[in-house]
$ cat input-v1.pdb   # PDB, C-alpha atoms
ATOM      1  CA  MET A  18       0.000   0.000   0.000  1.00  0.00           C
ATOM      2  CA  LYS A  19       1.213   3.486  -0.749  1.00  0.00           C
ATOM      3  CA  GLU A  20       1.687   6.141   1.870  1.00  0.00           C
ATOM      4  CA  ILE A  21      -0.443   9.281   1.675  1.00  0.00           C
ATOM      5  CA  THR A  22       0.665  12.284   3.670  1.00  0.00           C
ATOM      6  CA  GLU A  23      -0.979  15.659   3.820  1.00  0.00           C
ATOM      7  CA  ILE A  24       0.329  18.721   5.634  1.00  0.00           C
ATOM      8  CA  VAL A  25      -2.136  21.307   6.893  1.00  0.00           C
ATOM      9  CA  GLU A  26      -0.886  24.694   7.972  1.00  0.00           C
ATOM     10  CA  ARG A  27      -2.434  27.939   9.134  1.00  0.00           C
ATOM     11  CA  LYS A  28      -3.543  29.949   6.120  1.00  0.00           C
ATOM     12  CA  GLU A  29      -2.920  33.348   7.657  1.00  0.00           C
ATOM     13  CA  LYS A  30      -0.479  34.139  10.407  1.00  0.00           C
ATOM     14  CA  PRO A  31      -1.704  37.020  12.596  1.00  0.00           C
ATOM     15  CA  VAL A  32       1.499  39.063  12.563  1.00  0.00           C
ATOM     16  CA  ILE A  33       0.192  41.876  14.765  1.00  0.00           C
ATOM     17  CA  LYS A  34      -1.155  39.445  17.355  1.00  0.00           C
ATOM     18  CA  ILE A  35       2.146  37.549  17.444  1.00  0.00           C
ATOM     19  CA  PHE A  36       4.075  40.818  17.798  1.00  0.00           C
ATOM     20  CA  LEU A  37       1.819  41.930  20.670  1.00  0.00           C
ATOM     21  CA  LEU A  38       2.209  38.537  22.381  1.00  0.00           C
ATOM     22  CA  ILE A  39       5.988  38.775  22.166  1.00  0.00           C
ATOM     23  CA  LEU A  40       5.916  42.356  23.422  1.00  0.00           C
ATOM     24  CA  GLY A  41       3.579  41.364  26.277  1.00  0.00           C
ATOM     25  CA  SER A  42       5.868  38.473  27.205  1.00  0.00           C
ATOM     26  CA  VAL A  43       8.862  40.803  27.364  1.00  0.00           C
ATOM     27  CA  PHE A  44       6.984  43.257  29.609  1.00  0.00           C
ATOM     28  CA  LEU A  45       5.763  40.420  31.853  1.00  0.00           C
ATOM     29  CA  ILE A  46       9.265  39.010  32.219  1.00  0.00           C
ATOM     30  CA  ASN A  47      10.710  42.467  33.002  1.00  0.00           C
ATOM     31  CA  PHE A  48       7.980  43.047  35.604  1.00  0.00           C
ATOM     32  CA  VAL A  49       8.727  39.682  37.227  1.00  0.00           C
ATOM     33  CA  ILE A  50      12.452  40.532  37.309  1.00  0.00           C
ATOM     34  CA  PHE A  51      11.649  43.854  38.984  1.00  0.00           C
ATOM     35  CA  VAL A  52       9.390  42.267  41.615  1.00  0.00           C
ATOM     36  CA  VAL A  53      11.672  39.324  42.364  1.00  0.00           C
ATOM     37  CA  ASN A  54      14.824  41.461  42.625  1.00  0.00           C
ATOM     38  CA  ARG A  55      13.072  43.874  44.955  1.00  0.00           C
ATOM     39  CA  TYR A  56      11.729  41.303  47.412  1.00  0.00           C
ATOM     40  CA  VAL A  57      14.189  38.412  47.226  1.00  0.00           C
ATOM     41  CA  GLU A  58      17.635  39.738  48.085  1.00  0.00           C
ATOM     42  CA  ARG A  59      18.903  36.594  49.804  1.00  0.00           C
ATOM     43  CA  TYR A  60      18.600  34.410  46.674  1.00  0.00           C
ATOM     44  CA  PRO A  61      19.666  36.464  43.650  1.00  0.00           C
ATOM     45  CA  TYR A  62      19.580  33.508  41.232  1.00  0.00           C
ATOM     46  CA  ILE A  63      15.855  32.954  41.669  1.00  0.00           C
ATOM     47  CA  SER A  64      15.114  35.787  39.235  1.00  0.00           C
ATOM     48  CA  ASN A  65      17.379  34.158  36.614  1.00  0.00           C
ATOM     49  CA  ILE A  66      15.615  30.806  36.988  1.00  0.00           C
ATOM     50  CA  ILE A  67      12.195  32.464  36.753  1.00  0.00           C
ATOM     51  CA  VAL A  68      13.241  34.445  33.647  1.00  0.00           C
ATOM     52  CA  ILE A  69      14.506  31.305  31.908  1.00  0.00           C
ATOM     53  CA  PHE A  70      11.326  29.422  32.823  1.00  0.00           C
ATOM     54  CA  LEU A  71       9.001  32.227  31.616  1.00  0.00           C
ATOM     55  CA  THR A  72      10.982  32.688  28.389  1.00  0.00           C
ATOM     56  CA  VAL A  73      10.817  28.990  27.546  1.00  0.00           C
ATOM     57  CA  ILE A  74       7.086  28.810  28.321  1.00  0.00           C
ATOM     58  CA  SER A  75       6.180  31.916  26.292  1.00  0.00           C
ATOM     59  CA  CYS A  76       8.310  30.901  23.281  1.00  0.00           C
ATOM     60  CA  THR A  77       6.877  27.372  23.359  1.00  0.00           C
ATOM     61  CA  LEU A  78       3.286  28.611  23.440  1.00  0.00           C
ATOM     62  CA  ILE A  79       3.869  31.030  20.563  1.00  0.00           C
ATOM     63  CA  LEU A  80       5.603  28.345  18.470  1.00  0.00           C
ATOM     64  CA  ILE A  81       2.917  25.747  19.082  1.00  0.00           C
ATOM     65  CA  ASN A  82      -0.037  28.060  18.539  1.00  0.00           C
ATOM     66  CA  TYR A  83       1.177  30.095  15.564  1.00  0.00           C
ATOM     67  CA  PHE A  84       4.046  28.325  13.779  1.00  0.00           C
ATOM     68  CA  SER A  85       3.096  24.653  13.903  1.00  0.00           C
ATOM     69  CA  LYS A  86       1.544  22.502  11.191  1.00  0.00           C
ATOM     70  CA  TYR A  87      -0.320  19.217  11.253  1.00  0.00           C
ATOM     71  CA  SER A  88       0.327  16.209   9.079  1.00  0.00           C
ATOM     72  CA  TYR A  89      -2.143  13.440   8.411  1.00  0.00           C
ATOM     73  CA  THR A  90      -0.673  10.164   7.173  1.00  0.00           C
ATOM     74  CA  ILE A  91      -2.332   6.964   6.043  1.00  0.00           C
ATOM     75  CA  PHE A  92       0.157   4.113   5.852  1.00  0.00           C
ATOM     76  CA  ASP A  93       0.034   0.368   6.395  1.00  0.00           C
ATOM     77  CA  GLU A  94      -3.570   0.382   7.693  1.00  0.00           C
ATOM     78  CA  GLN A  95      -2.738   3.110  10.204  1.00  0.00           C
ATOM     79  CA  ILE A  96      -3.761   6.725  10.487  1.00  0.00           C
ATOM     80  CA  ILE A  97      -1.135   8.957  12.036  1.00  0.00           C
ATOM     81  CA  PHE A  98      -1.578  12.568  13.180  1.00  0.00           C
ATOM     82  CA  ASN A  99       1.605  14.592  13.774  1.00  0.00           C
ATOM     83  CA  ARG A 100       2.329  18.154  14.832  1.00  0.00           C
ATOM     84  CA  ILE A 101       5.224  19.674  12.895  1.00  0.00           C
ATOM     85  CA  ILE A 102       7.309  22.458  14.400  1.00  0.00           C
ATOM     86  CA  GLY A 103      10.169  23.445  12.142  1.00  0.00           C
ATOM     87  CA  LYS A 104      11.733  20.210  10.880  1.00  0.00           C
ATOM     88  CA  ARG A 105      10.615  18.054  13.804  1.00  0.00           C
ATOM     89  CA  GLU A 106       7.480  15.946  13.893  1.00  0.00           C
ATOM     90  CA  PHE A 107       5.704  15.051  17.104  1.00  0.00           C
ATOM     91  CA  GLU A 108       3.237  12.183  16.974  1.00  0.00           C
ATOM     92  CA  MET A 109      -0.075  13.206  18.488  1.00  0.00           C
ATOM     93  CA  LEU A 110      -2.277  10.195  17.679  1.00  0.00           C
ATOM     94  CA  ARG A 111      -1.796   6.835  15.934  1.00  0.00           C
ATOM     95  CA  LEU A 112      -4.813   4.734  15.087  1.00  0.00           C
ATOM     96  CA  SER A 113      -5.291   1.421  13.383  1.00  0.00           C
ATOM     97  CA  SER A 114      -7.882   1.739  10.638  1.00  0.00           C
ATOM     98  CA  SER A 115      -9.816  -1.081  12.322  1.00  0.00           C
ATOM     99  CA  ASP A 116     -10.216   1.106  15.445  1.00  0.00           C
ATOM    100  CA  VAL A 117     -11.826   3.953  13.515  1.00  0.00           C
ATOM    101  CA  ILE A 118     -15.607   3.664  13.656  1.00  0.00           C
ATOM    102  CA  ALA A 119     -16.667   6.463  11.326  1.00  0.00           C
ATOM    103  CA  VAL A 120     -15.771   9.836   9.857  1.00  0.00           C
ATOM    104  CA  TYR A 121     -18.502  12.486   9.608  1.00  0.00           C
ATOM    105  CA  SER A 122     -18.655  15.868   7.975  1.00  0.00           C
ATOM    106  CA  TYR A 123     -18.600  18.437  10.774  1.00  0.00           C
ATOM    107  CA  ASN A 124     -21.951  20.123  10.149  1.00  0.00           C
ATOM    108  CA  LYS A 125     -24.509  21.765  12.428  1.00  0.00           C
ATOM    109  CA  GLU A 126     -25.893  18.499  13.828  1.00  0.00           C
ATOM    110  CA  ILE A 127     -22.461  17.062  14.549  1.00  0.00           C
ATOM    111  CA  LYS A 128     -21.164  20.276  16.201  1.00  0.00           C
ATOM    112  CA  LYS A 129     -22.960  19.283  19.389  1.00  0.00           C
ATOM    113  CA  LYS A 130     -20.525  16.371  19.822  1.00  0.00           C
ATOM    114  CA  LYS A 131     -17.424  17.054  21.858  1.00  0.00           C
ATOM    115  CA  TYR A 132     -14.057  16.106  20.397  1.00  0.00           C
ATOM    116  CA  ILE A 133     -10.986  15.115  22.343  1.00  0.00           C
ATOM    117  CA  HIS A 134      -8.260  15.741  19.760  1.00  0.00           C
ATOM    118  CA  ASN A 135      -8.214  18.811  17.516  1.00  0.00           C
ATOM    119  CA  PHE A 136      -5.890  18.641  14.521  1.00  0.00           C
ATOM    120  CA  THR A 137      -7.093  21.909  12.975  1.00  0.00           C
ATOM    121  CA  PHE A 138      -6.536  25.577  13.567  1.00  0.00           C
ATOM    122  CA  LYS A 139      -9.065  27.457  15.688  1.00  0.00           C
ATOM    123  CA  LYS A 140     -10.411  30.022  13.244  1.00  0.00           C
ATOM    124  CA  GLU A 141     -10.275  27.983  10.061  1.00  0.00           C
ATOM    125  CA  ARG A 142     -13.516  26.013   9.991  1.00  0.00           C
ATOM    126  CA  GLU A 143     -13.688  24.831   6.379  1.00  0.00           C
ATOM    127  CA  ASN A 144     -13.997  21.178   5.320  1.00  0.00           C
ATOM    128  CA  LEU A 145     -13.886  19.800   8.848  1.00  0.00           C
ATOM    129  CA  TYR A 146     -14.504  16.170   9.665  1.00  0.00           C
ATOM    130  CA  LEU A 147     -15.110  14.444  12.967  1.00  0.00           C
ATOM    131  CA  GLY A 148     -13.728  10.949  13.399  1.00  0.00           C
ATOM    132  CA  GLU A 149     -14.756   8.407  16.012  1.00  0.00           C
ATOM    133  CA  TYR A 150     -12.545   5.574  17.212  1.00  0.00           C
ATOM    134  CA  LYS A 151     -12.454   2.976  19.966  1.00  0.00           C
ATOM    135  CA  LYS A 152      -9.819   3.184  22.657  1.00  0.00           C
ATOM    136  CA  ASP A 153      -9.886   0.956  25.721  1.00  0.00           C
ATOM    137  CA  GLY A 154     -13.567   0.179  25.163  1.00  0.00           C
ATOM    138  CA  LYS A 155     -14.581   3.859  24.997  1.00  0.00           C
ATOM    139  CA  VAL A 156     -15.476   5.869  21.918  1.00  0.00           C
ATOM    140  CA  GLU A 157     -13.270   8.945  21.497  1.00  0.00           C
ATOM    141  CA  THR A 158     -13.303  11.606  18.789  1.00  0.00           C
ATOM    142  CA  PHE A 159     -10.912  13.743  16.763  1.00  0.00           C
ATOM    143  CA  LEU A 160     -11.411  16.761  14.530  1.00  0.00           C
ATOM    144  CA  PHE A 161      -9.363  17.198  11.355  1.00  0.00           C
ATOM    145  CA  SER A 162      -9.402  18.862   7.937  1.00  0.00           C
ATOM    146  CA  PRO A 163      -8.409  16.396   5.189  1.00  0.00           C
ATOM    147  CA  SER A 164      -8.325  16.980   1.445  1.00  0.00           C
ATOM    148  CA  GLU A 165     -10.677  15.076  -0.850  1.00  0.00           C
ATOM    149  CA  LYS A 166      -7.876  12.700  -1.874  1.00  0.00           C
ATOM    150  CA  LEU A 167      -7.010  11.818   1.717  1.00  0.00           C
ATOM    151  CA  LEU A 168     -10.682  11.463   2.618  1.00  0.00           C
ATOM    152  CA  LYS A 169     -11.265   9.021  -0.259  1.00  0.00           C
ATOM    153  CA  GLU A 170      -8.281   6.925   0.812  1.00  0.00           C
ATOM    154  CA  LEU A 171      -9.466   7.004   4.418  1.00  0.00           C
ATOM    155  CA  ASN A 172     -12.919   5.814   3.402  1.00  0.00           C
ATOM    156  CA  LYS A 173     -11.320   2.965   1.431  1.00  0.00           C
ATOM    157  CA  GLU A 174      -9.371   1.944   4.523  1.00  0.00           C
ATOM    158  CA  LEU A 175     -12.487   2.063   6.686  1.00  0.00           C
ATOM    159  CA  LYS A 176     -14.412  -0.214   4.309  1.00  0.00           C
ATOM    160  CA  LYS A 177     -11.780  -2.975   4.573  1.00  0.00           C
TER     161      LYS A 177
END
$ encode --input "input-v1.pdb" --output "structure tokens"
Amino acid sequence: MKEITEIVERKEKPVIKIFLLILGSVFLINFVIFVVNRYVERYPYISNIIVIFLTVISCTLILINYFSKYSYTIFDEQIIFNRIIGKREFEMLRLSSSDVIAVYSYNKEIKKKKYIHNFTFKKERENLYLGEYKKDGKVETFLFSPSEKLLKELNKELKK
């Protein structure tokens, strides 16, 4: 069987929002430095540890929320969902095609269902599909945005 991979990325990057988030993070970190240095004179390295921690957290959140992509792969009767940040891929969910119960178009009736995994971007709500699968005897759901080609191949796998 051939491997089909599709990469989905954010169509528009909100440059102003990202700039304001970075600017806000810098102001927050400077404020924390000011407060910690003023009240903790006995342990001067605490402010350095807090600054490193806050910098890593803020950069990670910005990277994940605004610069990541998702990849959907169908290979060897498995469906794999990855998050891509830069050149690295992080596996988010791996399903056997036999575990997948159904894939629905995400329309008004289906929107009432809650989903556990979201492999889409928050504001882009075009061509969404909700998938159901069994895990440990429970039915869980995922939301994704496949192309027509990937959806056809997925439906072929589900019919097997």
$ resolve_selection --input "input-v1.pdb" --expression "the PyMOL selection byres ((chain A and resi 96-100) around 8)" --output "PyMOL selection string"
chain A and resi 85-92+94-95+101-102+106-114+136
$ write_last_selection --input "input-v1.pdb" --atoms "C-alpha atoms" --output "CSV table (one decimal), in the frame of the given file"
chain,number,residue,atom,x,y,z
A,85,SER,CA,3.1,24.7,13.9
A,86,LYS,CA,1.5,22.5,11.2
A,87,TYR,CA,-0.3,19.2,11.3
A,88,SER,CA,0.3,16.2,9.1
A,89,TYR,CA,-2.1,13.4,8.4
A,90,THR,CA,-0.7,10.2,7.2
A,91,ILE,CA,-2.3,7.0,6.0
A,92,PHE,CA,0.2,4.1,5.9
A,94,GLU,CA,-3.6,0.4,7.7
A,95,GLN,CA,-2.7,3.1,10.2
A,101,ILE,CA,5.2,19.7,12.9
A,102,ILE,CA,7.3,22.5,14.4
A,106,GLU,CA,7.5,15.9,13.9
A,107,PHE,CA,5.7,15.1,17.1
A,108,GLU,CA,3.2,12.2,17.0
A,109,MET,CA,-0.1,13.2,18.5
A,110,LEU,CA,-2.3,10.2,17.7
A,111,ARG,CA,-1.8,6.8,15.9
A,112,LEU,CA,-4.8,4.7,15.1
A,113,SER,CA,-5.3,1.4,13.4
A,114,SER,CA,-7.9,1.7,10.6
A,136,PHE,CA,-5.9,18.6,14.5
$ residues_near_point --input "input-v1.pdb" --point "(-15.8, -0.2, 21.1)" --cutoff "12 Å" --atoms "only C-alpha atoms" --output "list in words"
Ser115, Asp116, Val117, Ile118, Ala119, Glu149, Tyr150, Lys151, Lys152, Asp153, Gly154, Lys155, Val156 and Glu157 of chain A
$ residues_around --input "input-v1.pdb" --residues "Phe48 of chain A" --least-positions-apart "4" --cutoff "12 Å" --atoms "all atoms listed in the file" --output "tab-separated table (two decimals) with C-alpha atoms, keeping the file's coordinate frame"
chain	number	residue	atom	x	y	z
A	41	GLY	CA	3.58	41.36	26.28
A	42	SER	CA	5.87	38.47	27.20
A	43	VAL	CA	8.86	40.80	27.36
A	44	PHE	CA	6.98	43.26	29.61
A	52	VAL	CA	9.39	42.27	41.62
A	53	VAL	CA	11.67	39.32	42.36
A	54	ASN	CA	14.82	41.46	42.62
A	55	ARG	CA	13.07	43.87	44.96
A	64	SER	CA	15.11	35.79	39.24
A	67	ILE	CA	12.20	32.46	36.75
A	68	VAL	CA	13.24	34.44	33.65
A	71	LEU	CA	9.00	32.23	31.62
$ atom_distance --input "input-v1.pdb" --atom1 "atom CA of Val120 of chain A" --atom2 "atom CA of Tyr146 of chain A"
6.5 Å
$ atom_distance --input "input-v1.pdb" --atom1 "atom CA of Asp93 of chain A" --atom2 "atom CA of Ile24 of chain A"
18.4 Å
$ closest_residue --input "input-v1.pdb" --among "A:Lys131, A:Lys166, A:Tyr123, A:Phe70" --to "Leu145 of chain A" --atoms "all atoms listed in the file"
A:Tyr123
$ closest_residue --input "input-v1.pdb" --among "A:Asn47, A:Asn65, A:Asn82, A:Thr137" --to "Pro31 of chain A" --atoms "all atoms listed in the file"
A:Asn82
$ resolve_selection --input "input-v1.pdb" --expression "the PyMOL selection byres ((chain A and resi 35-37) around 12)" --output "VMD selection string"
chain A and resid 29 to 34 38 to 45 75 to 76 78 to 84
$ atom_distance --input "input-v1.pdb" --atom1 "atom CA of His134 of chain A" --atom2 "atom CA of Ile74 of chain A"
21.9 Å
$ closest_residue --input "input-v1.pdb" --among "A:Val49, A:Leu160, A:Leu175, A:Val57" --to "Leu147 of chain A" --atoms "all atoms listed in the file"
A:Leu160
